Amino acid sequence: MSIAPQTSTRVDQFFTVAEARLDRWRSLLQAARSWEGSANQQDPEKVNHASNTLGIFQELLQWEDFFAYPGPVLLKTLSERIAGGDASGTVRLAQSISAALLTHSYRTNLNDWDSDESPTSLGDRLPARSEDGVRHRPYFEVLFVSPARPAVWNELADDLRKLRRPEDAFVYEPVFVSNFEDAILGTILNGSVETVVIYEGISFASSRNNPVLREFLTSHLLATGGVGASRQYALELAKAVKLIRPELDVFFLSDRAVEKVAGDISADCIRRVFYQVEEPLELHLSILDAIADRFQTPYFDNLQKYAQRPIGTFHALPVARGKSIFKSNWIRDMGKFYGTNLFLAESSATTGGLDSLLEPTGNIKVAQQKAARAFGADHVFFVTNGTSTSNKMVEQALLAPGDIMIVDRNCHKSHHYGAVLSGALPLYVEAYPLTKYSMYGAVPLRTIKKALLDLKAEGKLDRARMLVLTNCTFDGQVYNVERVMEECLAIKPDLIFLWDEAWFGFARWSPFYRRRTAMGAAAVLERKFKDPAYRRAYDEQAKKLGPDLDPKDASLLDTRLVVNPDKVRIRVYQTNSTHKSMSSLRQGSMVLVKDQDYHTVEEQFHEAVFTHASTSPNLQIIATLDVARRQMELEGYELVNRAIQLALDLRREVNTHPLISKYFRILGADEMVPTEFRNSGFVDYLTPGSNWASAVKALREDEFALDVTRLTLVCGSAGFDGTQFKNLLASEYDIQLNKTSRNSILLQTNINNTRSDIAHLIKVLVEISQSIEKRFADGGPEVEEAFGTRVKSLMEDVPNLPNFSRFHNSFREDSTSVTSEGDMRSAFFGAYREEQCEHIKLSSPEIDRRLKEGPELVSANFVIPYPPGFPIMVPGQVISAETIEFMRKLDVKEIHGFNATLGLKLLKPSYLRMAKMPDKREAVDESKLQPAA
Ligand SMILES: Cc1ncc(COP(=O)(O)O)c(C=O)c1O
């Protein structure tokens with residue numbers, strides 16, 4: 001993440017080096033060109049240009065040690081040209097290197113490794129001859145961390161290249177570093193590194209000046225058990241590398257008792273241990289084999305083979321093999337548009353290695369196991385009907401009628417429907433409002449703890465089975481997942497968590513965000529609960545607060561609670577819309593499971609899958625889920641970092657552009673997350689002085705953080721409401737987005753975006769800003785005044801967001817209860833009888849009369865306006881005056897569950913008098929279940 005200003009020189013100031021490095025190569029080229037120009041014209045500035053070129057080159061060198069290309073030979077040539085005053089030669093070489101880096105052509109093109117004048121000197125560097133179009137061999141880099149003297153690195157690299165064989169499926173180049181710190185930098189900076197080979201005997205400190213890295217190492221890795229006090233840096237390094245990039249393969253070369261290292265249980269992060277001088281070919285093959293393991297996509301690979309087989313189909317899927325299409329008189333264009341492969345790969349069979357999504361035993365099973373490894377889960381289920389379905393599956397599997405589900409009211413509607421389907425009673429918790437922007441943030445931990453403690457006080461804690469939260473929220477607020485789970489588990493040690501990470505699946509591949517994902521945090525907690533120091537902390541707490549927390553003790557809300565490690569069960573589920581942030585076709589989704597007690601719910605889990613999954617799942621979606629996993633395991637780190645970098649660039653450009661920033665602004669972390677939730681003092685990524693160590697600190701400590709890839713662009717200050725601006729961008733500029741608020745739109749960057757996209761958006765914002773200024777210039781003060789009024793209305797006259805009122809007493813077990821859970825399912829089905837419902841128009845005075853005099857207005861269904869997209873009414877909810885006021889002020893057209901002509905759909909008071917919440921289930925008398933003797 002390039003948080004530092006562009007002038008920064010220290011390599012550890014940057015997180016994603018890729019773009020910054022390219023920029024510097026281009027700066028070098030520009031400087032060299034100026035130098036060349038001045039040299040030709042005998043310009044007196046020549047000396048300055050030469051020294052500028054040298055300065056940029058020297059700055060670049062600190063990055064280049066961590067990359068295989070251009071490598072020491074080309075860099076030496078370039079350095080000699082600069083030192084020798086050869087401006088034209090410098091331009092030529094800088095030009096070819098920067099072009100090769102930009103296009104990645106060096107990964108396949110042998111010539112890129114040659115300096116222009118000595119084309120034969122490097123002839124055997126890369127086995128690129130086999131890249132001659134016959135087949136593409138993916139290229140990667142291997143970081144060798146070796147105590148050997150740098151003088152012998154070239155020789156070692158040559159020895160490695162000699163091991164290459166034509167049949168190798170992949171090709172790699174080595175990068176050498178000699179110590180722990182440089183190895184960490186190499187792992188962080190070089191996204192092409194896929195493998196780290198660590199020799200024993202390395203030293204710790206880098207000779208570079210890396211204060212930010214040091215701070216990160218001591219505050220982050222040390223704290224997470226990465227770098228211990230021991231001097232076994234090699235093993236510590238292996239662990240640290242896996243903490244930063246768990247997908248990397250780590251090999252260990254030792255010249256002592258290798259059996260001991262291999263047998264060390266803390267060495268489970270190492271893929272294989274070698275005796276140092278033995279078997280270099282074995283190491284080479286192991287490196288390739290490990291990459292093949294990640295590269296292999298069992299389902300997709302088999303589907304491709306299947307598509308090539310001559311198969312007669314007598315099952316019900318006419319498009320399979322495409323014969324109904326390609327020969328058709330009328331729909332041939334469909335075949336032309338999609339191409340043959342799509343239809344050759346269509347089948348309704350589950351034979352021929354295609355496996356069955358509902359009961360996988362073959363390729364799908366293996367593909368899911370690989371996904372589990374990649375995402376850090378125990379089990380993964382592929383889902384082909386979107387996360388809307390994944391959520392309902394998990395909820396139906398784990399919740400029974402009468403269970404209490406604590407859930408963010410602002411969550412996706414699938415969860416509300418999940419409550420209806422399962423019969424669980426939702427206990428809604430409120431997110432903090434960002435009224436100014438007509439949106440919600442996330443649910444404060446205090447609110448969640450209060451809900452749990454209240455349930456405990458009322459003797460209902462045992463029924464609180466699940467907590468459902470959206471991480472990150474649509475607008476980008478990210479929970480401190482670890483802390484939320486830890487403190488909730490301190491109150492209820494077997495609480496199940498469902499983290500809806502519909503938008504956040506990619507976060508696994510960012511070391512920044514991983515800790516704030518469901519799986520990342522579950523892994524942290526797993527380690528933490530085993531730590532003897534943690535047990536001591538719990539004992540301390542038990543001494544102070546007693547073994548059983550007193551729910552009436554209000555100080556618990558502000559106490560950082562510790563879990564009883566003997567009682568706790570880690571039960572974490574995550575759903576993610578793989579299609580939203582990775583290369584999966586639309587509706588591709590996954591359920592990730594990390595549940596110690598999964599075996600106790602496995603059967604019902606399968607039932608839920610059977611309930612919701614189509615029996616005709618789309619094969620292409622399954623295949624792309626498999627491929628999306630491959631991509632993320634091999635290049636997710638690089639791609640995600642780039643998406644983050646682009647988001648930061650966009651933020652900076654918009655907020656500092658002299659014209660754009662007069663009318664538009666992208667909200668920073670400080671505006672999306674109120675101060676009280678940022679204990680670390682972190683303000684925003686763009687605040688001067690922020691660097692990646694301060695960002696990591698904030699991500700570790702703060703209650704909420706902002707996912708920078710989700711950018712709330714305020715457009716109300718330019719006189720546009722969100723929907724209007726969204727439509728303008730779509731119709732005039734071909735820019736698509738999907739979420740808006742009253743005065744903002746939500747932009748997001750993902751692994752698909754490029755710098756050109758950012759440039760396009762900036763250009764568009766400049767144009768729109770210019771057109772506003774032109775309107776002022778042409779229309780004079782009246783136009784400006786009208787503009788001011790419109791801006792004020794959008795930015796200041798914002799309706800208050802209504803909180804959840806309560807369920808009607810008919811749907812509550814006990815109307816005096818402090819906790820607000822209710823039987824939404826009965827209310828929902830109550831509305832299925834027309835005679836039990838009534839409609840009243842929103843503008844009717846009858847509404848106001850009923851609000852004042854009763855009987856209470858009770859919603860018969862969900863009412864969800866877009867935007868903001870959360871249910872302002874749910875079935876069984878008593879409608880408050882605030883909700884009516886909000887609805888009357890709403891100026892959006894799309895309101896699901898509300899027909900303006902008919903009015904609000906309500907449950908009739910006569911029905912409500914009859915409706916009774918189902919009696920509490922009676923305890924089952926086991927003896928009655930025994931078969932008669
Ligand atoms: C938080 C959240 N969860 C779940 C979903 C549903 O995901 P899908 O579109 O994959 O069905 C969405 C969709 O926008 C969402 O925002």
# chains A, B, ... in the order shown; residues from 1 in each chain; ligands from 1

call {"tool": "residues_around", "arguments": {"residues": "Lys893 in chain A", "least_positions_apart": "5", "cutoff": "10 Å", "atoms": "only C-alpha atoms", "output": "mmCIF file with N, CA, C and O atoms, in the first residue's frame"}}
result
data_model
loop_
_atom_site.group_PDB
_atom_site.id
_atom_site.type_symbol
_atom_site.label_atom_id
_atom_site.label_comp_id
_atom_site.auth_asym_id
_atom_site.auth_seq_id
_atom_site.Cartn_x
_atom_site.Cartn_y
_atom_site.Cartn_z
ATOM 1 N N THR A 723 -29.149 8.258 -6.654
ATOM 2 C CA THR A 723 -29.731 7.557 -7.797
ATOM 3 C C THR A 723 -29.517 8.359 -9.080
ATOM 4 O O THR A 723 -29.170 7.800 -10.128
ATOM 5 N N PRO A 865 -36.794 -0.274 1.231
ATOM 6 C CA PRO A 865 -36.528 0.713 0.186
ATOM 7 C C PRO A 865 -35.078 0.629 -0.306
ATOM 8 O O PRO A 865 -34.169 0.364 0.477
ATOM 9 N N TYR A 866 -34.896 0.828 -1.615
ATOM 10 C CA TYR A 866 -33.546 0.876 -2.210
ATOM 11 C C TYR A 866 -33.335 2.235 -2.830
ATOM 12 O O TYR A 866 -34.033 2.558 -3.788
ATOM 13 N N PRO A 867 -32.318 3.020 -2.437
ATOM 14 C CA PRO A 867 -31.612 2.875 -1.179
ATOM 15 C C PRO A 867 -32.515 3.265 -0.005
ATOM 16 O O PRO A 867 -33.574 3.809 -0.272
ATOM 17 N N ALA A 900 -47.623 1.631 -3.492
ATOM 18 C CA ALA A 900 -48.133 2.956 -3.098
ATOM 19 C C ALA A 900 -49.636 3.074 -3.364
ATOM 20 O O ALA A 900 -50.354 3.750 -2.614
#

call {"tool": "residues_around", "arguments": {"residues": "range 803-806 of chain A", "least_positions_apart": "3", "cutoff": "8 Å", "atoms": "only C-alpha atoms", "output": "ChimeraX atom specification"}}
result
/A:409,428,430,820,872-873,877-880

call {"tool": "closest_residue", "arguments": {"among": "A:Glu703, A:Lys662, A:Thr740, A:Ser583", "to": "Arg560 in chain A", "atoms": "only C-alpha atoms"}}
result
A:Glu703

call {"tool": "closest_residue", "arguments": {"among": "A:Gln276, A:Thr108, A:Ser577, A:Asn410", "to": "ligand 1", "atoms": "only C-alpha atoms and all ligand atoms"}}
result
A:Ser577

call {"tool": "atom_distance", "arguments": {"atom1": "CA of Gly476 in chain A", "atom2": "CA of Leu243 in chain A"}}
result
23.9 Å

call {"tool": "select_by_dssp", "arguments": {"residues": "range 559-703 of chain A", "states": "strand (DSSP E or B)", "output": "ChimeraX atom specification"}}
result
/A:571-576,589-595,665-666

call {"tool": "closest_residue", "arguments": {"among": "A:Gln62, A:Thr575, A:Thr435, A:Ser731", "to": "ligand 1", "atoms": "only C-alpha atoms and all ligand atoms"}}
result
A:Thr575

call {"tool": "residues_around", "arguments": {"residues": "Gln95 in chain A", "least_positions_apart": "5", "cutoff": "9 Å", "atoms": "only C-alpha atoms", "output": "PyMOL selection string"}}
result
chain A and resi 25-26+29+90+100

call {"tool": "residues_around", "arguments": {"residues": "range 705-719 of chain A", "least_positions_apart": "2", "cutoff": "6 Å", "atoms": "only C-alpha atoms", "output": "list of chain:residue names"}}
result
A:Gly476, A:Gln477, A:Val478, A:Ile644, A:Ala647, A:Tyr663, A:Phe664, A:Arg665, A:Ile666, A:Leu667, A:Ala669, A:Asp721, A:Asn743, A:Ser744, A:Ile745, A:Leu746, A:Leu747, A:Gln748, A:Thr749, A:Arg790, A:Val791, A:Leu794, A:Met795

call {"tool": "closest_atom_pairs", "arguments": {"of": "chain A", "to": "ligand 1", "cutoff": "10 Å", "atoms": "only C-alpha atoms and all ligand atoms", "output": "JSON lines"}}
result
{"residue": "A:Val383", "atom": "CA", "partner": "ligand 1", "partner_atom_place_in_ligand_line": "10 (O)", "distance": 9.4}
{"residue": "A:Thr384", "atom": "CA", "partner": "ligand 1", "partner_atom_place_in_ligand_line": "10 (O)", "distance": 9.0}
{"residue": "A:Asn385", "atom": "CA", "partner": "ligand 1", "partner_atom_place_in_ligand_line": "11 (O)", "distance": 6.6}
{"residue": "A:Gly386", "atom": "CA", "partner": "ligand 1", "partner_atom_place_in_ligand_line": "10 (O)", "distance": 3.5}
{"residue": "A:Thr387", "atom": "CA", "partner": "ligand 1", "partner_atom_place_in_ligand_line": "10 (O)", "distance": 3.8}
{"residue": "A:Ser388", "atom": "CA", "partner": "ligand 1", "partner_atom_place_in_ligand_line": "11 (O)", "distance": 3.7}
{"residue": "A:Thr389", "atom": "CA", "partner": "ligand 1", "partner_atom_place_in_ligand_line": "11 (O)", "distance": 6.4}
{"residue": "A:Ser390", "atom": "CA", "partner": "ligand 1", "partner_atom_place_in_ligand_line": "11 (O)", "distance": 7.8}
{"residue": "A:Asn391", "atom": "CA", "partner": "ligand 1", "partner_atom_place_in_ligand_line": "4 (C)", "distance": 7.2}
{"residue": "A:Lys392", "atom": "CA", "partner": "ligand 1", "partner_atom_place_in_ligand_line": "4 (C)", "distance": 9.9}
{"residue": "A:Asn410", "atom": "CA", "partner": "ligand 1", "partner_atom_place_in_ligand_line": "1 (C)", "distance": 9.1}
{"residue": "A:Cys411", "atom": "CA", "partner": "ligand 1", "partner_atom_place_in_ligand_line": "1 (C)", "distance": 6.1}
{"residue": "A:His412", "atom": "CA", "partner": "ligand 1", "partner_atom_place_in_ligand_line": "2 (C)", "distance": 4.8}
{"residue": "A:Lys413", "atom": "CA", "partner": "ligand 1", "partner_atom_place_in_ligand_line": "4 (C)", "distance": 7.6}
{"residue": "A:Ser414", "atom": "CA", "partner": "ligand 1", "partner_atom_place_in_ligand_line": "4 (C)", "distance": 6.7}
{"residue": "A:His415", "atom": "CA", "partner": "ligand 1", "partner_atom_place_in_ligand_line": "3 (N)", "distance": 8.2}
{"residue": "A:Leu469", "atom": "CA", "partner": "ligand 1", "partner_atom_place_in_ligand_line": "1 (C)", "distance": 8.7}
{"residue": "A:Thr470", "atom": "CA", "partner": "ligand 1", "partner_atom_place_in_ligand_line": "1 (C)", "distance": 5.5}
{"residue": "A:Asn471", "atom": "CA", "partner": "ligand 1", "partner_atom_place_in_ligand_line": "1 (C)", "distance": 7.5}
{"residue": "A:Cys472", "atom": "CA", "partner": "ligand 1", "partner_atom_place_in_ligand_line": "1 (C)", "distance": 7.8}
{"residue": "A:Thr473", "atom": "CA", "partner": "ligand 1", "partner_atom_place_in_ligand_line": "1 (C)", "distance": 6.3}
{"residue": "A:Phe474", "atom": "CA", "partner": "ligand 1", "partner_atom_place_in_ligand_line": "16 (O)", "distance": 5.8}
{"residue": "A:Asp475", "atom": "CA", "partner": "ligand 1", "partner_atom_place_in_ligand_line": "16 (O)", "distance": 9.5}
{"residue": "A:Trp499", "atom": "CA", "partner": "ligand 1", "partner_atom_place_in_ligand_line": "1 (C)", "distance": 9.3}
{"residue": "A:Asp500", "atom": "CA", "partner": "ligand 1", "partner_atom_place_in_ligand_line": "3 (N)", "distance": 5.7}
{"residue": "A:Glu501", "atom": "CA", "partner": "ligand 1", "partner_atom_place_in_ligand_line": "1 (C)", "distance": 6.6}
{"residue": "A:Ala502", "atom": "CA", "partner": "ligand 1", "partner_atom_place_in_ligand_line": "3 (N)", "distance": 4.8}
{"residue": "A:Trp503", "atom": "CA", "partner": "ligand 1", "partner_atom_place_in_ligand_line": "1 (C)", "distance": 6.7}
{"residue": "A:Phe504", "atom": "CA", "partner": "ligand 1", "partner_atom_place_in_ligand_line": "1 (C)", "distance": 9.2}
{"residue": "A:Thr575", "atom": "CA", "partner": "ligand 1", "partner_atom_place_in_ligand_line": "4 (C)", "distance": 8.0}
{"residue": "A:Asn576", "atom": "CA", "partner": "ligand 1", "partner_atom_place_in_ligand_line": "10 (O)", "distance": 7.3}
{"residue": "A:Ser577", "atom": "CA", "partner": "ligand 1", "partner_atom_place_in_ligand_line": "10 (O)", "distance": 4.4}
{"residue": "A:Thr578", "atom": "CA", "partner": "ligand 1", "partner_atom_place_in_ligand_line": "10 (O)", "distance": 7.6}
{"residue": "A:His579", "atom": "CA", "partner": "ligand 1", "partner_atom_place_in_ligand_line": "10 (O)", "distance": 7.0}
{"residue": "A:Lys580", "atom": "CA", "partner": "ligand 1", "partner_atom_place_in_ligand_line": "10 (O)", "distance": 7.1}
{"residue": "A:Arg586", "atom": "CA", "partner": "ligand 1", "partner_atom_place_in_ligand_line": "10 (O)", "distance": 7.5}
{"residue": "A:Gln587", "atom": "CA", "partner": "ligand 1", "partner_atom_place_in_ligand_line": "10 (O)", "distance": 5.2}
{"residue": "A:Gly588", "atom": "CA", "partner": "ligand 1", "partner_atom_place_in_ligand_line": "10 (O)", "distance": 6.9}
{"residue": "A:Ser589", "atom": "CA", "partner": "ligand 1", "partner_atom_place_in_ligand_line": "10 (O)", "distance": 6.1}
{"residue": "A:Met590", "atom": "CA", "partner": "ligand 1", "partner_atom_place_in_ligand_line": "10 (O)", "distance": 9.2}
{"residue": "A:Asn738", "atom": "CA", "partner": "ligand 1", "partner_atom_place_in_ligand_line": "14 (O)", "distance": 9.1}
{"residue": "A:Lys739", "atom": "CA", "partner": "ligand 1", "partner_atom_place_in_ligand_line": "14 (O)", "distance": 9.3}
{"residue": "A:Gly869", "atom": "CA", "partner": "ligand 1", "partner_atom_place_in_ligand_line": "16 (O)", "distance": 9.2}

call {"tool": "closest_residue", "arguments": {"among": "A:Phe898, A:Cys488, A:Leu467, A:Met393", "to": "Phe610 in chain A", "atoms": "only C-alpha atoms"}}
result
A:Met393

call {"tool": "closest_residue", "arguments": {"among": "A:Ala345, A:Phe720, A:Lys76, A:Glu821", "to": "Gly788 in chain A", "atoms": "only C-alpha atoms"}}
result
A:Phe720

call {"tool": "closest_residue", "arguments": {"among": "A:Phe170, A:Tyr637, A:Tyr199, A:Trp35", "to": "Ala234 in chain A", "atoms": "only C-alpha atoms"}}
result
A:Tyr199

call {"tool": "select_by_dssp", "arguments": {"residues": "range 523-737 of chain A", "states": "alpha helix (DSSP H)", "output": "PyMOL selection string"}}
result
chain A and resi 523-530+532-545+578-581+598-612+619-656+660-663+669-672+692-701+722-733

call {"tool": "atom_distance", "arguments": {"atom1": "CA of Asp757 in chain A", "atom2": "CA of Leu650 in chain A"}}
result
9.9 Å
